[in-house]
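Source file query_31.cif; content: mmCIF, C-alpha atoms.
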```cif
data_input
loop_
_atom_site.label_atom_id
_atom_site.label_comp_id
_atom_site.auth_asym_id
_atom_site.auth_seq_id
_atom_site.Cartn_x
_atom_site.Cartn_y
_atom_site.Cartn_z
CA MET A 16 12.00 -12.19 -0.31
CA PRO A 17 11.10 -9.46 -2.82
CA GLY A 18 10.06 -10.09 -6.41
CA GLN A 19 8.07 -13.28 -5.89
CA TYR A 20 4.74 -12.32 -7.43
CA LEU A 21 3.11 -11.28 -10.67
CA ILE A 22 1.18 -8.09 -10.01
CA LEU A 23 -2.41 -7.66 -11.17
CA ASN A 24 -3.30 -4.09 -10.26
CA PHE A 25 -6.87 -2.89 -10.79
CA ASP A 26 -7.65 0.81 -10.47
CA PHE A 27 -11.42 1.18 -10.22
CA SER A 28 -11.20 4.84 -9.25
CA GLN A 29 -10.99 5.85 -12.90
CA ILE A 30 -14.34 4.32 -13.80
CA ASP A 31 -17.26 6.62 -14.58
CA ARG A 32 -19.92 5.43 -12.14
CA SER A 33 -22.62 7.88 -13.14
CA PRO A 34 -25.98 6.48 -14.34
CA PRO A 35 -27.28 4.73 -16.31
CA ILE A 36 -25.97 1.56 -14.70
CA GLU A 37 -25.48 -0.11 -18.07
CA LYS A 38 -22.93 2.52 -18.97
CA ALA A 39 -21.10 2.08 -15.67
CA THR A 40 -21.14 -1.69 -16.14
CA GLN A 41 -19.60 -1.31 -19.57
CA ALA A 42 -16.91 0.99 -18.17
CA LEU A 43 -16.15 -1.54 -15.44
CA ALA A 44 -15.81 -4.32 -18.01
CA GLN A 45 -13.50 -2.18 -20.12
CA GLU A 46 -11.32 -1.38 -17.11
CA ILE A 47 -11.02 -5.05 -16.15
CA ASN A 48 -10.23 -6.12 -19.71
CA GLN A 49 -7.66 -3.35 -20.08
CA THR A 50 -5.94 -4.37 -16.84
CA LEU A 51 -5.86 -8.02 -17.92
CA LEU A 52 -4.34 -7.04 -21.27
CA GLN A 53 -1.74 -4.92 -19.50
CA PHE A 54 -0.89 -7.89 -17.26
CA LYS A 55 -0.54 -10.07 -20.35
CA ARG A 56 1.77 -7.55 -22.06
CA THR A 57 3.94 -7.25 -18.95
CA TYR A 58 4.43 -10.94 -18.27
CA VAL A 59 4.02 -12.76 -21.59
CA ASP A 60 7.78 -12.84 -22.10
CA TYR A 61 8.18 -14.51 -18.70
CA LEU A 62 5.26 -16.94 -18.96
CA GLY A 63 5.87 -18.17 -22.48
CA ASP A 64 3.96 -19.16 -25.59
CA SER A 65 1.45 -21.44 -23.88
CA PHE A 66 0.32 -18.55 -21.72
CA ALA A 67 0.00 -16.32 -24.79
CA LEU A 68 -2.06 -18.95 -26.56
CA GLU A 69 -4.43 -19.54 -23.66
CA THR A 70 -5.04 -15.84 -23.11
CA SER A 71 -5.74 -15.22 -26.78
CA ARG A 72 -9.31 -16.40 -26.07
CA PHE A 73 -10.27 -13.20 -24.26
CA ILE A 74 -13.85 -12.04 -24.89
CA ASN A 75 -14.49 -8.32 -24.53
CA SER A 76 -18.05 -8.76 -23.29
CA ASN A 77 -17.13 -11.15 -20.47
CA PRO A 78 -14.37 -9.79 -18.20
CA VAL A 79 -15.05 -12.32 -15.44
CA LEU A 80 -14.42 -15.17 -17.87
CA ASN A 81 -11.27 -13.39 -19.05
CA LEU A 82 -10.05 -13.22 -15.45
CA ARG A 83 -10.70 -16.94 -15.07
CA ILE A 84 -8.80 -17.65 -18.28
CA LEU A 85 -5.88 -15.49 -17.17
CA ASN A 86 -5.75 -17.12 -13.74
CA ALA A 87 -5.79 -20.62 -15.22
CA ALA A 88 -3.14 -19.71 -17.79
CA VAL A 89 -0.83 -18.32 -15.08
CA ASN A 90 -1.37 -21.41 -12.93
CA ASN A 91 -0.53 -23.71 -15.83
CA ALA A 92 2.56 -21.76 -16.80
CA LEU A 93 3.91 -21.65 -13.25
CA GLU A 94 3.21 -25.35 -12.74
CA ASP A 95 5.17 -26.15 -15.90
CA ILE A 96 8.09 -24.04 -14.69
CA HIS A 97 8.06 -25.65 -11.25
CA ASN A 98 7.73 -29.16 -12.68
CA LYS A 99 10.77 -28.64 -14.89
CA SER A 100 12.78 -27.61 -11.79
CA ASP A 101 14.66 -25.05 -13.87
CA LYS A 102 16.12 -22.92 -11.11
CA ASN A 103 17.53 -20.45 -13.62
CA HIS A 104 14.08 -19.52 -14.87
CA PRO A 105 13.17 -16.00 -13.66
CA LEU A 106 9.80 -17.28 -12.46
CA PHE A 107 11.06 -20.35 -10.62
CA SER A 108 10.76 -18.64 -7.23
CA VAL A 109 7.51 -16.88 -8.11
CA LYS A 110 4.57 -17.98 -5.97
CA GLY A 111 1.74 -16.60 -8.03
CA VAL A 112 -0.40 -13.55 -8.66
CA CYS A 113 -0.69 -10.72 -6.16
CA LEU A 114 -3.95 -8.86 -6.69
CA PHE A 115 -4.22 -5.18 -5.79
CA MET Q 12 -9.56 34.18 25.90
CA MET Q 13 -8.30 31.17 24.03
CA ARG Q 14 -4.66 30.38 24.22
CA ILE Q 15 -3.07 27.90 21.92
CA GLY Q 16 -0.31 26.01 23.65
CA ASN Q 17 2.80 26.10 21.51
CA SER Q 18 5.35 24.71 23.91
CA LEU Q 19 6.42 21.12 24.09
CA ARG Q 20 6.60 18.76 27.04
CA PRO Q 21 7.95 15.25 27.37
CA SER Q 22 5.44 12.45 27.24
CA LEU Q 23 4.83 10.27 30.29
CA ARG Q 24 7.04 7.60 28.88
CA GLY Q 25 9.84 10.12 28.46
CA LEU Q 26 10.71 8.76 25.05
CA ARG Q 27 9.15 11.29 22.74
CA VAL Q 28 8.06 14.91 22.81
CA ILE Q 29 4.43 15.65 22.14
CA PRO Q 30 2.71 19.02 21.67
CA ILE Q 31 0.54 20.36 24.46
CA SER Q 32 -3.11 20.48 23.52
CA PRO Q 33 -4.89 23.82 23.05
CA THR Q 34 -6.18 25.21 26.35
CA LEU Q 35 -9.05 27.50 27.34
CA ARG Q 36 -8.23 30.13 29.99
CA ILE Q 37 -11.14 30.91 32.31
CA SER Q 38 -11.63 34.61 32.99
CA PRO Q 39 -11.09 35.55 36.70
CA HIS Q 40 -14.14 37.83 36.50
CA THR Q 41 -16.54 34.97 36.24
CA SER Q 42 -18.54 33.95 39.28
CA ILE Q 43 -16.51 30.84 39.98
CA ASP Q 44 -15.03 30.52 43.46
CA ALA Q 45 -11.26 30.79 43.83
CA HIS Q 46 -10.68 27.13 44.61
CA HIS Q 47 -12.61 25.98 41.59
CA TYR Q 48 -10.95 28.62 39.42
CA ALA Q 49 -7.47 27.42 40.42
CA ARG Q 50 -8.40 23.84 39.62
CA VAL Q 51 -9.90 24.47 36.19
CA GLN Q 52 -7.90 27.53 35.20
CA GLN Q 53 -6.75 25.82 32.05
CA VAL Q 54 -9.15 23.35 30.50
CA ALA Q 55 -7.81 21.19 27.75
CA LEU Q 56 -9.80 21.57 24.54
CA VAL Q 57 -8.22 18.50 23.05
CA ALA Q 58 -7.05 15.57 25.12
CA PRO Q 59 -3.27 15.29 24.96
CA ARG Q 60 -2.19 12.35 22.89
CA ILE Q 61 0.07 10.34 25.14
CA TYR Q 62 0.27 7.11 23.23
CA SER Q 63 0.90 6.91 19.53
CA THR Q 64 -0.28 4.08 17.32
CA ALA Q 65 2.69 4.56 15.01
CA PRO Q 66 5.38 1.94 15.49
CA LEU Q 67 8.74 3.12 16.69
CA SER Q 68 10.28 1.88 13.46
CA SER Q 69 8.17 4.27 11.36
CA LYS Q 70 10.19 7.29 10.33
CA LEU Q 71 10.35 10.21 7.97
CA VAL Q 72 12.54 9.59 4.93
CA VAL Q 73 14.00 12.28 2.66
CA SER Q 74 16.09 11.70 -0.44
CA GLY Q 75 18.80 14.33 -0.14
CA GLU Q 76 17.95 17.80 1.10
CA LEU Q 77 14.30 18.33 2.00
CA SER Q 78 12.38 20.15 -0.72
CA ASN Q 79 8.73 19.46 0.05
CA PHE Q 80 6.09 16.96 1.07
CA PRO Q 81 4.56 15.68 -2.16
CA LEU Q 82 0.78 15.75 -2.46
CA GLY Q 83 -1.00 13.49 -4.91
CA LEU Q 84 2.15 11.57 -5.83
CA SER Q 85 1.36 7.91 -5.30
CA ASN Q 86 4.10 6.29 -7.38
CA PHE Q 87 6.68 4.84 -5.01
CA ARG Q 88 9.46 4.75 -7.61
CA LYS Q 89 9.01 8.39 -8.59
CA LEU Q 90 9.00 9.29 -4.93
CA ARG Q 91 12.30 7.51 -4.51
CA GLU Q 92 13.86 8.87 -7.69
CA PHE Q 93 13.14 12.56 -7.28
CA PRO Q 94 15.43 14.19 -4.70
CA GLY Q 95 14.11 16.32 -1.86
CA LEU Q 96 10.75 14.58 -1.42
CA ALA Q 97 9.79 13.54 2.08
CA TYR Q 98 7.50 10.67 2.98
CA PHE Q 99 6.83 8.32 5.85
CA ASP Q 100 8.56 5.02 5.38
CA LYS Q 101 6.02 2.21 5.67
CA THR Q 102 8.23 -0.64 4.48
CA SER Q 103 8.20 -2.07 7.99
CA TYR Q 104 4.54 -2.94 7.40
CA ILE Q 105 5.34 -5.29 4.50
CA PRO Q 106 5.90 -8.39 6.66
CA VAL Q 107 2.96 -7.35 8.88
CA ILE Q 108 0.65 -7.31 5.86
CA ALA Q 109 2.15 -10.53 4.57
CA ARG Q 110 1.39 -12.31 7.84
CA GLY Q 111 -2.25 -11.25 7.62
CA PRO Q 112 -5.11 -12.95 5.79
CA SER Q 113 -4.66 -13.75 2.12
CA VAL Q 114 -7.36 -11.21 1.26
CA GLN Q 115 -7.21 -7.84 3.03
CA LEU Q 116 -9.30 -4.69 2.68
CA PHE Q 117 -7.98 -1.28 3.73
CA CYS Q 118 -10.64 1.33 4.39
CA ARG Q 119 -9.05 4.70 5.11
CA PRO Q 120 -9.96 8.31 4.25
CA ARG Q 121 -8.63 10.21 1.28
CA ARG Q 122 -5.00 11.34 1.46
CA PHE Q 123 -4.22 8.61 3.96
CA GLY Q 124 -1.64 7.04 1.66
CA LYS Q 125 -3.47 3.93 0.44
CA SER Q 126 -2.36 4.29 -3.17
CA LEU Q 127 1.25 4.98 -2.21
CA THR Q 128 1.26 1.91 0.04
CA ILE Q 129 -0.14 -0.24 -2.75
CA SER Q 130 2.48 1.18 -5.09
CA MET Q 131 5.20 0.33 -2.57
CA LEU Q 132 3.90 -3.24 -2.29
CA ARG Q 133 3.78 -3.50 -6.07
CA TYR Q 134 7.41 -2.51 -6.42
CA PHE Q 135 8.39 -4.85 -3.63
CA HIS Q 136 6.53 -7.96 -4.76
CA GLY Q 137 6.61 -7.54 -8.55
CA VAL Q 138 9.02 -9.92 -10.23
CA GLU Q 139 9.73 -7.32 -12.94
CA PHE Q 140 11.09 -4.95 -10.29
CA ARG Q 141 13.36 -7.53 -8.66
CA ASN Q 142 16.51 -5.88 -10.01
CA GLN Q 143 15.48 -2.50 -8.62
CA TYR Q 144 15.04 -3.71 -5.05
CA ASP Q 145 18.30 -2.26 -3.71
CA GLN Q 146 17.76 1.04 -5.48
CA LEU Q 147 14.20 1.45 -4.23
CA PHE Q 148 14.30 -0.02 -0.74
CA LYS Q 149 17.86 0.07 0.55
CA VAL Q 150 17.78 3.74 1.50
CA CYS Q 151 14.59 3.15 3.46
CA GLY Q 152 16.84 1.67 6.12
CA ARG Q 153 15.34 -1.77 5.69
CA LYS Q 154 17.30 -4.90 6.07
CA LYS Q 155 16.32 -7.36 3.39
CA LEU Q 156 13.00 -8.99 4.02
CA PHE Q 157 13.41 -12.72 3.87
CA ALA Q 158 11.03 -15.41 2.80
CA TYR Q 159 10.16 -16.55 6.30
CA ASN Q 160 8.67 -13.13 6.94
CA LEU Q 161 6.41 -13.50 3.94
CA CYS Q 162 5.20 -17.08 4.30
CA GLY Q 163 1.59 -17.76 3.45
CA TYR Q 164 1.08 -14.75 1.24
CA ILE Q 165 -1.20 -14.85 -1.77
CA THR Q 166 -0.34 -17.86 -3.90
CA TYR Q 167 -1.58 -18.59 -7.35
CA THR Q 168 -3.78 -21.37 -6.11
CA ARG Q 169 -5.66 -19.13 -3.70
CA ILE Q 170 -7.28 -16.68 -6.09
CA ARG Q 171 -10.96 -17.42 -6.33
CA ILE Q 172 -13.41 -15.71 -8.64
CA SER Q 173 -17.11 -15.55 -7.91
CA THR Q 174 -19.84 -14.11 -10.06
#
```
The structure in this file should be written as structure tokens.
Amino acid sequence: MPGQYLILNFDFSQIDRSPPIEKATQALAQEINQTLLQFKRTYVDYLGDSFALETSRFINSNPVLNLRILNAAVNNALEDIHNKSDKNHPLFSVKGVCLF
Amino acid sequence: MMRIGNSLRPSLRGLRVIPISPTLRISPHTSIDAHHYARVQQVALVAPRIYSTAPLSSKLVVSGELSNFPLGLSNFRKLREFPGLAYFDKTSYIPVIARGPSVQLFCRPRRFGKSLTISMLRYFHGVEFRNQYDQLFKVCGRKKLFAYNLCGYITYTRIRIST
């Protein structure tokens, strides 16, 4: 069935990988954070206020932690939707995040 | 003298037509005996490709009258919206990918179509594109892909992050 996932789409091809490595690391962190913010903007209306509150704790210097926060926030939001058994909710049939 | 074969011949299976490979014609003035010359008069430079790895369901799709083959366009929706663009329909691979492992890595050369395939999957699986499914995928000749074809795909409990 189509339309059953939230899409998290990273594009690492745009990152400047030239030395020094610190600069490339910073570019990688910026790309991850930007993708997470784009995911949040796309799906915050679907996932609700609790998701928005949990993902407000993003830290620019720690993209891995931000990804953990985002993943946990999505899990919590989807669990709430499934527990309420609201079949009219647009995310009721959504299984989770599809990572590209 | 090199001769490039430009005729077509049926494959051994008789189902498709494949091009003859380029051949090298041996000059009769060489010191090869007649019997040997007759046997190797035309030596294939490239082995003819008898079997194809492409599934029979894979086909060329054009929206309207063919205009061109787009290069560098990896957005599936734009490809579908603009008339006259031709591309190879890979929607039949969606259930194949879904039946695979939860984490998959595709290593293919440039211009293979990785980005376009990812874009196609994004438009198929994304909940925000649910209302556009018929518009984007119906003309690909696909019947609707049902849930039993997509069982066991990436679920929100299966994403793991390691540092």
Legend entry - Hits of the PyMOL selection byres ((chain A and resi 82) around 12) in this structure, as a ChimeraX atom specification: /A:23,25,44,47-52,54-55,69-70,72-75,77-81,83-89,112,114 /Q:170-174
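The two atoms in question, atom CA of Phe80 of chain Q and atom CA of Phe148 of chain Q, are spaced 18.9 Å apart.
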Legend entry - Counting all atoms listed in the file, the option among A:Ser76, A:Thr57, A:Asn98, A:Thr40 closest to chain Q: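 Closest to chain Q of all the choices is A:Thr57.
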Contacts of chain A with chain Q up to 6 Å, shortest pair per row, only C-alpha atoms, as a tab-separated table:
```
residue	atom	partner	partner_atom	distance
A:Met16	CA	Q:Phe157	CA	4.4
A:Pro17	CA	Q:His136	CA	5.2
A:Gly18	CA	Q:Val138	CA	4.0
A:Gln19	CA	Q:Val138	CA	5.6
A:Tyr20	CA	Q:Gly137	CA	5.3
A:Leu21	CA	Q:Gly137	CA	5.5
A:Ile22	CA	Q:Gly137	CA	5.6
A:Lys110	CA	Q:Thr166	CA	5.3
A:Gly111	CA	Q:Tyr167	CA	3.9
A:Val112	CA	Q:Tyr167	CA	5.3
```
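The spacing separating atom CA of Glu46 of chain A from atom CA of Pro112 of chain Q amounts to 26.4 Å.
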Inset, instruction - Just the residues within 9 Å of Leu77 of chain Q, please, counting all atoms listed in the file, with nothing from its chain fewer than 3 positions along; format it as a list in words. - result: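 Answer for this query is Val73, Ser74, Phe80, Pro94, Gly95, Leu96 and Ala97 of chain Q.
Of note, atom CA of Met131 of chain Q and atom CA of Gly75 of chain Q are spaced 19.7 Å apart.
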Inset, instruction - Using only C-alpha atoms, pick whichever of A:Ala42, A:Ile36, A:Ala67, A:Leu93 has the shortest atom-to-atom distance to Leu106 of chain A. - result: A:Leu93
Inset, instruction - Name all residues at most 9 Å from Asn91 of chain A (count all atoms listed in the file; drop same-chain ones fewer than 5 positions away) and give them as a list of chain:residue names. - result: A:Ser65, A:Phe66, A:Asn86, A:Ile96
Would you fill out segment 73-84 of chain Q with N, CA and C atoms and return it as a compact mmCIF listing (two decimals), in the frame of the given file?
```
# COMPACT_ATOMS: atom_id res chain seq x y z
N VAL Q 73 13.79 11.24 3.67
CA VAL Q 73 14.00 12.28 2.66
C VAL Q 73 15.17 11.86 1.80
N SER Q 74 14.99 11.98 0.47
CA SER Q 74 16.09 11.70 -0.44
C SER Q 74 16.87 13.00 -0.64
N GLY Q 75 18.01 13.11 -0.03
CA GLY Q 75 18.80 14.33 -0.14
C GLY Q 75 18.27 15.42 0.76
N GLU Q 76 18.40 16.66 0.31
CA GLU Q 76 17.95 17.80 1.10
C GLU Q 76 16.45 17.99 0.93
N LEU Q 77 15.76 18.23 2.04
CA LEU Q 77 14.30 18.33 2.00
C LEU Q 77 13.84 19.47 1.11
N SER Q 78 12.97 19.14 0.16
CA SER Q 78 12.38 20.15 -0.72
C SER Q 78 10.92 20.39 -0.35
N ASN Q 79 10.13 19.31 -0.33
CA ASN Q 79 8.73 19.46 0.05
C ASN Q 79 8.12 18.10 0.37
N PHE Q 80 6.88 18.16 0.85
CA PHE Q 80 6.09 16.96 1.07
C PHE Q 80 5.16 16.80 -0.14
N PRO Q 81 5.36 15.79 -0.95
CA PRO Q 81 4.56 15.68 -2.16
C PRO Q 81 3.09 15.37 -1.85
N LEU Q 82 2.21 16.03 -2.57
CA LEU Q 82 0.78 15.75 -2.46
C LEU Q 82 0.31 15.15 -3.79
N GLY Q 83 -0.45 14.09 -3.72
CA GLY Q 83 -1.00 13.49 -4.91
C GLY Q 83 -0.02 12.63 -5.68
N LEU Q 84 1.18 12.44 -5.16
CA LEU Q 84 2.15 11.57 -5.83
C LEU Q 84 2.08 10.21 -5.16
```
